[in-house]
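Below you'll find the structure, written out as structure tokens, and then a few comments.
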Number of protein chains: 2
Amino acid sequence: MGRILLRSMAIVLVTSFIGCNQSIESKNLSIQADGSEPSYQNLMPVPASIELQEGKFYLDDSFQVAVEGNPDKRLYRAIGRTIKRLSGRTGLFLPQVFFNPDEKPSDPNMHVYVEKAAHIQFGMEEAYQLKISDSGISLKAETDVGAIRGLETFLQLLDADTSGYFLPALTIDDAPRFPWRGLLMDACRHFMPVDVIKRNLDGMAAVKLNVLHWHLTEDQGFRVESKTYPKLHELGSDGFYYTHEQIREVVAYAADRGIRVIPEFDLPGHATSWLVAYPELASAPGPYTIERKWGIMQPTFNPAIEETYTFLDAFFKEMTALFPDEYVHIGGDENKGVHWDSNDQIQAFKKRMGFSDNGDLQNYFNQRLLTSLKSYGKKMIGWDEILHEDMPKDIVLQSWRGREAMITAAQRGYRSLLSNGYYIDLHQPTDYHYLNDPLPADSPLNEKEQSLILGGEATMWAEFVTPEIVDSRIWPRTAAIAERFWSDRSVQDLDDMYRRMKITSFRLEELGLTHERNYPMMLRRLTGNRDIVPLKTLVDVLESVKVYSRNRQRVHYSYTPLTRVIDAARPDAEVARLFRQNVDRFLNQGGSDPSLASEINQHLISWSGNHAKLSTIIDASPILHEIRPMSEALSAVADLGLESMELIQSRGEVGVSWIEQSTGILEKAGKPVAQTELAILSAIEALVKYLK
Amino acid sequence: MGRILLRSMAIVLVTSFIGCNQSIESKNLSIQADGSEPSYQNLMPVPASIELQEGKFYLDDSFQVAVEGNPDKRLYRAIGRTIKRLSGRTGLFLPQVFFNPDEKPSDPNMHVYVEKAAHIQFGMEEAYQLKISDSGISLKAETDVGAIRGLETFLQLLDADTSGYFLPALTIDDAPRFPWRGLLMDACRHFMPVDVIKRNLDGMAAVKLNVLHWHLTEDQGFRVESKTYPKLHELGSDGFYYTHEQIREVVAYAADRGIRVIPEFDLPGHATSWLVAYPELASAPGPYTIERKWGIMQPTFNPAIEETYTFLDAFFKEMTALFPDEYVHIGGDENKGVHWDSNDQIQAFKKRMGFSDNGDLQNYFNQRLLTSLKSYGKKMIGWDEILHEDMPKDIVLQSWRGREAMITAAQRGYRSLLSNGYYIDLHQPTDYHYLNDPLPADSPLNEKEQSLILGGEATMWAEFVTPEIVDSRIWPRTAAIAERFWSDRSVQDLDDMYRRMKITSFRLEELGLTHERNYPMMLRRLTGNRDIVPLKTLVDVLESVKVYSRNRQRVHYSYTPLTRVIDAARPDAEVARLFRQNVDRFLNQGGSDPSLASEINQHLISWSGNHAKLSTIIDASPILHEIRPMSEALSAVADLGLESMELIQSRGEVGVSWIEQSTGILEKAGKPVAQTELAILSAIEALVKYLK
């Protein structure tokens, strides 16, 4: 299905983007000899247009790239990195790992032509054209950033047959659907050292994201060095903050990959860590200490005193010099105003200013920040709460509470981003995020309003992630979100998305991302380095409870260990998803397909016997004691599944008592254990239900 | 055997170190219910003295540490990290992850007492005493660095039973055998970003190493920012160098773990990358470019011109301010003086100065550096080539060409370190390094001379390591070398070392080290994300060719891809070692033990059938084509092994033709393939030989 879709899409898109409709050789579209898909079927995000041609370009040690035009020097570094990845995958000895633009290769196989250097800013040109024939490769782009996007496509096209490594002959014309395609990384709830940010920037570049939204201040930590107010990071960070040099290092690293960096300084709420150092700027009397719990906290800047604005103006003066992007994110979310309401002086100020509510008061605060930012040549972005009729139209709103906020903003003439539906910290499945289109076909917005929707951002809030697991929450799901922002709205095939995401996920590993490799490591720690297979069998079908349930089931802190089973379990558990898919297919086909039945039963048998194997490991590892009921539940529902499968295939009858008993087992297994849930349960329920 | 040894040793050491001889409860020494060893048997390095007591200290969420005395603040951070690791392993919610010395716990279970802050320098006090009873824990040390060593022992003692996590009641008195226990990291042949250095510093601290020897300049790269001569890093590094702030960050990170940082600026040879920027200081006319090949190169500073010394004096002025340790390493190795001999002006200078050979000339050069270093308050360390009768006795020599250099140095009154025998880049087995004692029982040195042997350093030369694989070359073998430097000479049991090293290796993973987790990742890349099991079966018993053979078999460059099978293969392949051990035991017992036979045959059967499975994967992955003969060889020798096993057990006779044929198979399999060798071959040879 994925193949068919991509084929028809390619034709459609060739028509719509390029205006030509060259025929595609159908033999190129066939599955390869070893059963794998040809590499042009693996692209993620799907490009705007692909035209397939006959032929293959084979790679060998003589592969050489020549650059023409006027690119920024970052392109040379990007080519060096591309060659290094190519060499790493193929084992070819390629000297241009150290790409030197002054050494002109005598007989280059690849020509990169770039008209001009991009400025890394909103709206930068990212289009490129990649042509591959059996005799050579050409990559053309208006800017070096466009070429950098094209180099990622080039790497995704690498394929192999018995003759060697090759790229398929084709022409790709590509450009993004939305100009603002971001990932928020929260470095506050848990600090994310520079190397974590860097490897994720590499991952972002690989799927053509172009904005790192860096959440730098929070109740739980102030994460940026301030030379103007050093007490901020000295008292507010537990020693975990980025120095100016590190900030510059990250900004340069991002720019090298065509990625903007937008800092967020969350104001006036989410501000406890600032007020540890400056309680005199708070709305309620101090002293303050760094917050250790998660949740919505009350400490808030005092908007009624001039000292607040003097302080923040000087702070922004420093920070706007540090971050080159035109936009600065001021947060603005979740200020309940509790401390405003309890402060007489603030109440008097509100009255004096004629503000009708805390919204007006916060808008006053925001306007004062806006004045500061403007004076330093910056534009404001904030969460949807900052929308107010007094705001000028050049701000950007980030909708998180619902897409309605985005729609309202556009209808009132404001530009906005969608983040609602892309909260990757909430452990929802990829397809949920993937189908969440900022501008679906039935969008209520007219064309002009639609042009105000700049794109979106996935948000990696960090209450429950550490450097050890953060990659596994971001990847691979964010690759699918990146495709939503880059590719045409019509690219929607879920099976094909999952297929390509798996390949992309594997390729992301070469960038040092740890989403795959840290999983067995965590299982080894949980078992005390005993055999991890039985635990893996269980955790492969577990998922964290969704949305905000983890916080509701137990109070959590900055020091909550994130090394338990729930933390090893990964969102959108693949084994479970494929099993559910198989059961769906099996039942839709009337419960008789023997090959599907055999596949389903194989899993059920392995789960059925798993608790017996895992039980002694649980005994020996106290950290696993909490998961025992879930291990029992997996084996119990697997037994029920096996029984149901037999009955379905033998067209057996079930009585009331069987149904009652089954319902009991399912209900018991449906209760979260140690904040995890069994991701195959709905499939077992479906089997039982089929029999009723 | 390991257990017995540790027990007797403990008694011996209690006698010799503490002067008491308390009896050890033998029931504490028994293997635990689940077959694992009690945790005090797992310590690495083995402490100077252990006295076991009755009882266990159980951990729960109420665990709290109190600090008394006058430690450096680094101790608080070290306790925070210790609590975090403890919490990570146990799943306990421990607020002291954020250790705050101002918050006095009401009822602490652990008391840490430290007399004074250590200065991180040669000879700092590292002794500690750790007492654990069922009611609490006490850790006492003269310095915070001693306490930091004790915290690592504390973590190694963590154990579990069905009641929960505990530490065994005991008293450990511990102190190092040698004061200088180092790891050299070469950041030049391949650049090692700050995060790689940091995670390895964590690994070093975990096994009580105390010196990072940071090799910062080489023919292939100049890796430190110079504000005095910025062209050095701008032209000599390909953009890969440490900034001053990063150097300070690493030095502080190391000091927090009680680790000294010694920079090495290799002079006068190994100097190509300096001369790219300053060809006028070279002994032969330029221009120079960054060297891309490995080997011994000729570019050398000109020792006959005053400009060289003016330049290096200013350079050392900058660097000595950046690195706080008293010692600066000036390299001094492998200068063949080829460019000196071909330079008339240098020849004239030599004559004028009355130097009889290039050794004298290099000594003149070294003396000039020494004058500079002294003027900045530093002492000199260099490779064994810098030994010369004119050198003062306060230099330190690092013996790499052989232990004779160390012995000669000591006999002439110089202090020295042993690195010969600890070259972990040469892929030799752990036991080889482990048994390489700087001062074995038969050392020719007298007591006074022995006191001049300061310790040793493992050397991670980086021709064939990248950030992706460097950890797998350092760890776990360096844990055994660390034990050689810390523990008593009598600690020599190889089986027990391997057993404890495996546990240590697993525990090192929690520090972010990638020696385990990157292995399957590399296999996934090699197979193009196909099933990795058959490839793993092969690579599990492959090792790189040893010592300098890899360079001899093919010319290598800075851009040689280090992602091939040889790079995935790990030194001292464990599967192969255990197999060889089993075969040894089997043959020593007369070739009849059925359980050993069954274990051996199981492996042989799996290898026998492996090529059939791996062959199609090799077909599909061109990067694997080179390994095909080795895959065939593994299956061929496994078949031979199976045949031999059958003949041995049936006491069958073999004829001349069988022996000839077998010899042919073994000879063929003995040839390196793609620079790898089959680490089980000697075991198969032993089986065949047994039949002859």
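Note on naming: chains are A, B, ... as they come in the structure tokens, residues start from 1 per chain, ligands start from 1 in the order shown.
Residues in contact range of Ser133 in chain B, defined as at most 12 Å between only C-alpha atoms, with sequence neighbours fewer than 5 positions away removed, read Glu51, Leu52, Gln53, Glu54, Gly55, Lys56, Phe57, Tyr58, Asn109, Met110, Ser138, Leu139, Phe166, Leu167, Pro168, Ala169, Leu170, Thr171 and Ile172 of chain B.
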Mind dumping the selected residues with C-alpha atoms as a tab-separated table (two decimals), in the first residue's frame?
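The result, written out as out.tsv:
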chain	number	residue	atom	x	y	z
B	51	GLU	CA	37.06	-7.50	57.45
B	52	LEU	CA	33.66	-9.09	57.14
B	53	GLN	CA	31.05	-8.82	59.86
B	54	GLU	CA	27.60	-10.25	60.47
B	55	GLY	CA	24.67	-8.32	59.12
B	56	LYS	CA	23.32	-6.29	56.26
B	57	PHE	CA	22.46	-2.63	55.93
B	58	TYR	CA	19.15	-2.35	54.02
B	109	ASN	CA	22.17	6.48	58.05
B	110	MET	CA	25.52	7.32	56.56
B	138	SER	CA	30.57	5.42	58.16
B	139	LEU	CA	33.10	6.63	55.63
B	166	PHE	CA	21.54	-3.92	51.03
B	167	LEU	CA	25.23	-3.53	51.71
B	168	PRO	CA	27.10	-6.23	53.63
B	169	ALA	CA	28.44	-5.42	57.08
B	170	LEU	CA	32.21	-5.03	56.91
B	171	THR	CA	35.15	-2.77	57.45
B	172	ILE	CA	37.36	-1.80	54.55
Check your understanding: Near Lys546 in chain B, counting only C-alpha atoms, which residues have an atom at most 12 Å away, once you skip same-chain residues fewer than 2 positions from it, shown as a ChimeraX atom specification?
Key -> /B:423-429,542-544,548-553,566,570-572,672,675-679
Restrict the selected residues to N, CA, C and O atoms and save them as a short mmCIF file (atom, residue, chain, number, x, y, z; two decimals), in the first residue's frame.
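The result, stored in result33.cif:
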data_model
loop_
_atom_site.label_atom_id
_atom_site.label_comp_id
_atom_site.auth_asym_id
_atom_site.auth_seq_id
_atom_site.Cartn_x
_atom_site.Cartn_y
_atom_site.Cartn_z
N TYR B 423 49.54 -0.76 26.49
CA TYR B 423 49.10 -0.12 25.24
C TYR B 423 47.77 -0.75 24.81
O TYR B 423 47.74 -1.70 24.02
N ILE B 424 46.70 -0.20 25.32
CA ILE B 424 45.39 -0.82 25.07
C ILE B 424 44.91 -0.65 23.63
O ILE B 424 43.92 -1.26 23.24
N ASP B 425 45.63 0.17 22.85
CA ASP B 425 45.25 0.28 21.43
C ASP B 425 45.73 -0.92 20.62
O ASP B 425 45.35 -1.07 19.46
N LEU B 426 46.53 -1.79 21.21
CA LEU B 426 47.14 -2.88 20.44
C LEU B 426 46.34 -4.19 20.50
O LEU B 426 46.79 -5.21 20.02
N HIS B 427 45.17 -4.15 21.10
CA HIS B 427 44.22 -5.26 21.06
C HIS B 427 44.75 -6.53 21.73
O HIS B 427 44.41 -7.64 21.31
N GLN B 428 45.55 -6.35 22.77
CA GLN B 428 46.03 -7.53 23.48
C GLN B 428 45.05 -7.90 24.60
O GLN B 428 44.25 -7.08 25.04
N PRO B 429 45.12 -9.14 25.06
CA PRO B 429 44.15 -9.57 26.06
C PRO B 429 44.41 -8.92 27.43
O PRO B 429 45.52 -8.50 27.74
N LEU B 542 35.76 -12.88 16.84
CA LEU B 542 36.82 -12.24 16.05
C LEU B 542 37.54 -11.21 16.89
O LEU B 542 36.95 -10.56 17.74
N GLU B 543 38.81 -11.05 16.60
CA GLU B 543 39.56 -9.95 17.20
C GLU B 543 40.36 -9.28 16.10
O GLU B 543 40.71 -9.90 15.09
N SER B 544 40.66 -8.03 16.32
CA SER B 544 41.56 -7.32 15.41
C SER B 544 42.91 -8.01 15.42
O SER B 544 43.31 -8.59 16.43
N TYR B 548 50.95 -3.88 15.82
CA TYR B 548 50.89 -2.91 14.72
C TYR B 548 50.54 -3.54 13.38
O TYR B 548 50.76 -2.95 12.33
N SER B 549 49.97 -4.76 13.40
CA SER B 549 49.70 -5.47 12.15
C SER B 549 48.67 -4.78 11.27
O SER B 549 48.74 -4.86 10.04
N ARG B 550 47.71 -4.10 11.87
CA ARG B 550 46.68 -3.48 11.03
C ARG B 550 47.29 -2.48 10.07
O ARG B 550 46.92 -2.43 8.90
N ASN B 551 48.23 -1.69 10.58
CA ASN B 551 48.92 -0.73 9.73
C ASN B 551 49.77 -1.41 8.68
O ASN B 551 49.96 -0.88 7.59
N ARG B 552 50.29 -2.58 9.02
CA ARG B 552 51.18 -3.26 8.07
C ARG B 552 50.38 -3.88 6.93
O ARG B 552 50.88 -4.05 5.83
N GLN B 553 49.13 -4.26 7.23
CA GLN B 553 48.35 -4.96 6.22
C GLN B 553 47.70 -4.02 5.21
O GLN B 553 47.24 -4.46 4.16
N ILE B 566 36.17 -5.26 11.68
CA ILE B 566 37.31 -5.18 12.61
C ILE B 566 37.04 -4.15 13.72
O ILE B 566 37.49 -4.32 14.85
N ARG B 570 35.66 -6.67 19.34
CA ARG B 570 36.23 -6.07 20.54
C ARG B 570 37.42 -6.85 21.04
O ARG B 570 37.51 -8.06 20.84
N PRO B 571 38.36 -6.16 21.68
CA PRO B 571 39.56 -6.84 22.16
C PRO B 571 39.17 -7.92 23.17
O PRO B 571 38.16 -7.79 23.87
N ASP B 572 39.98 -8.96 23.24
CA ASP B 572 39.82 -9.98 24.27
C ASP B 572 38.40 -10.57 24.23
O ASP B 572 37.72 -10.70 25.25
N PRO B 672 44.78 -13.91 8.56
CA PRO B 672 43.87 -12.79 8.86
C PRO B 672 42.99 -12.47 7.66
O PRO B 672 43.44 -12.56 6.52
N GLN B 675 41.77 -7.89 8.20
CA GLN B 675 42.51 -7.48 9.41
C GLN B 675 41.94 -8.03 10.72
O GLN B 675 42.20 -7.49 11.79
N THR B 676 41.17 -9.11 10.59
CA THR B 676 40.70 -9.76 11.82
C THR B 676 41.27 -11.17 11.90
O THR B 676 41.65 -11.75 10.88
N GLU B 677 41.28 -11.70 13.11
CA GLU B 677 41.69 -13.09 13.28
C GLU B 677 40.69 -13.84 14.15
O GLU B 677 39.96 -13.23 14.93
N LEU B 678 40.69 -15.15 13.99
CA LEU B 678 39.69 -15.99 14.62
C LEU B 678 40.19 -16.38 16.02
O LEU B 678 41.15 -17.15 16.15
N ALA B 679 39.50 -15.88 17.05
CA ALA B 679 40.03 -16.01 18.40
C ALA B 679 39.76 -17.38 19.02
O ALA B 679 40.17 -17.65 20.14
#
**Study point:** Check: which chain A residues lie within 7 Å of chain B using only C-alpha atoms, as an MDAnalysis selection string
**Key:** chainID A and resid 87:95 97 160:162 164:165 195 506 517:518 521 525 529 559:564 619:623
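Nearest to Thr320 in chain B of all the residues B:Gly377, B:Gly221, B:Gly258, B:Pro629 is B:Gly377, based on only C-alpha atoms.
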